[in-house]
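Data first, discussion second: the structure below is written as structure tokens.
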Amino acid sequence: MEKYRTTIEEKEEEEKKQTSSYRYWVRESTVDSAPPPVPKKLTSDDIHNLSNQTKSSINLGSAWNSAGTWEEKNLNKWATNRIKELLHSLGSLEFSSGNAEITHVTKCDGDASLVTVRNKKRVGYTYELTLKVKGEWMIKDEKKTVKANIDITEFSFGELDDLEMEIKLTEDNDLMKQDKVQINNDLKQFLQPVREKLQQFEAELKDR
């Protein structure tokens, strides 16, 4: 009976040891161990450098596009209105025997956009125009009023050097053929000032 009781007590003792036993490791500090980090007060130079780093990393896209990966912004309304404003400000051109001015931009069709790719801006546009012009020419000692349309074929960003226009007289008042040719050539002189206005538009688009 005594032996049986001893055996039970030994088993209970063994179970207690197994239940309570565990292992753990403690890394002892040595001479070569790195010291714990110590808080450092920022100097005025440190604050200035951090501020510059923040400014240099400002995202060019919208607030939701913090990574600046891809974003396309439609600028059609602004571009169309700005092109019309610039062309209306062109004023009158003087020729050897007459003058003319743009009275209305009857057609200004196209698209303009600003694309942000990897936090870099890229702008683009494609437009075509029709300009209504009115002028007066001295034909055989008689002042004649002439109206015409100037059609500017499709042009895109970076292609203004290749700008082309076509002249169509709408009211020629029974002009002779040579007179029509002269007026046609005069109206082609609008090409360079129109190109300069569109170059201004392109520069403004890039700065948006």
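Chain identifiers are assigned as A, B, and so on, following the order in which chains appear in the structure tokens; residues are numbered from 1 within each chain, and ligands are numbered from 1 in order of appearance.
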Just want the 10 Å neighbourhood of A:Arg195, counted on only C-alpha atoms, with same-chain residues fewer than 6 positions away dropped. Output as an MDAnalysis selection string.
chainID A and resid 87 160:164 201
Store the residues picked out above, limited to N, CA and C atoms, as a JSON list (two decimals), in the first residue's frame.
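For reference, out-v5.json as written:
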[["chain", "number", "residue", "atom", "x", "y", "z"],
["A", 87, "LEU", "N", -6.32, 84.34, -80.71],
["A", 87, "LEU", "CA", -6.51, 84.66, -82.12],
["A", 87, "LEU", "C", -7.32, 85.95, -82.30],
["A", 160, "LEU", "N", 3.87, 72.89, -84.89],
["A", 160, "LEU", "CA", 3.46, 74.19, -85.40],
["A", 160, "LEU", "C", 4.31, 74.69, -86.56],
["A", 161, "ASP", "N", 5.52, 74.17, -86.69],
["A", 161, "ASP", "CA", 6.35, 74.56, -87.84],
["A", 161, "ASP", "C", 5.75, 74.07, -89.15],
["A", 162, "ASP", "N", 4.91, 73.06, -89.07],
["A", 162, "ASP", "CA", 4.27, 72.50, -90.28],
["A", 162, "ASP", "C", 2.85, 73.01, -90.47],
["A", 163, "LEU", "N", 2.49, 74.08, -89.77],
["A", 163, "LEU", "CA", 1.13, 74.61, -89.85],
["A", 163, "LEU", "C", 0.78, 75.01, -91.29],
["A", 164, "GLU", "N", -0.42, 74.66, -91.71],
["A", 164, "GLU", "CA", -0.89, 74.98, -93.06],
["A", 164, "GLU", "C", -2.27, 75.61, -93.00],
["A", 201, "PHE", "N", 0.10, 79.74, -76.90],
["A", 201, "PHE", "CA", -0.84, 78.80, -76.29],
["A", 201, "PHE", "C", -0.12, 77.53, -75.83]]
Top pick for closest residue to A:Asn74, considering A:Gln189, A:Ser113, A:Thr106, A:Gln200 and counting only C-alpha atoms:
A:Ser113
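Take the candidates A:Ile139, A:Leu129, A:Cys108, A:Val115 and check each one against A:Glu166 using only C-alpha atoms; the shortest distance goes to A:Leu129.
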Using only C-alpha atoms, which protein or nucleic acid residues come within 7 Å of A:Trp137? Drop anything in the same chain fewer than 4 positions from it, and give the result as a PyMOL selection string.
chain A and resi 97-99+143-145
Produce a file of the selected residues containing C-alpha atoms, as an mmCIF file, in the first residue's frame.
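The resulting file, out-v5.cif, is reproduced below:
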data_model
loop_
_atom_site.group_PDB
_atom_site.id
_atom_site.type_symbol
_atom_site.label_atom_id
_atom_site.label_comp_id
_atom_site.auth_asym_id
_atom_site.auth_seq_id
_atom_site.Cartn_x
_atom_site.Cartn_y
_atom_site.Cartn_z
ATOM 1 C CA SER A 97 -3.213 97.432 -101.184
ATOM 2 C CA GLY A 98 -5.469 96.605 -98.261
ATOM 3 C CA ASN A 99 -5.953 95.244 -94.754
ATOM 4 C CA LYS A 143 -12.247 100.174 -102.213
ATOM 5 C CA LYS A 144 -13.810 96.742 -102.057
ATOM 6 C CA THR A 145 -14.826 94.765 -98.980
#
So, with only C-alpha atoms as the atoms that count, which of A:Glu136, A:Asp109, A:Asp141, A:Asp151 lies closest to A:Val194?
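Nearest to A:Val194: A:Asp151.
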Any chance you could list, as number ranges by chain, the residues in stretch 79-176 of chain A that come up strand (DSSP E) when DSSP is run on the backbone?
A: 92-94, 98-117, 120-139, 142-156, 165-171
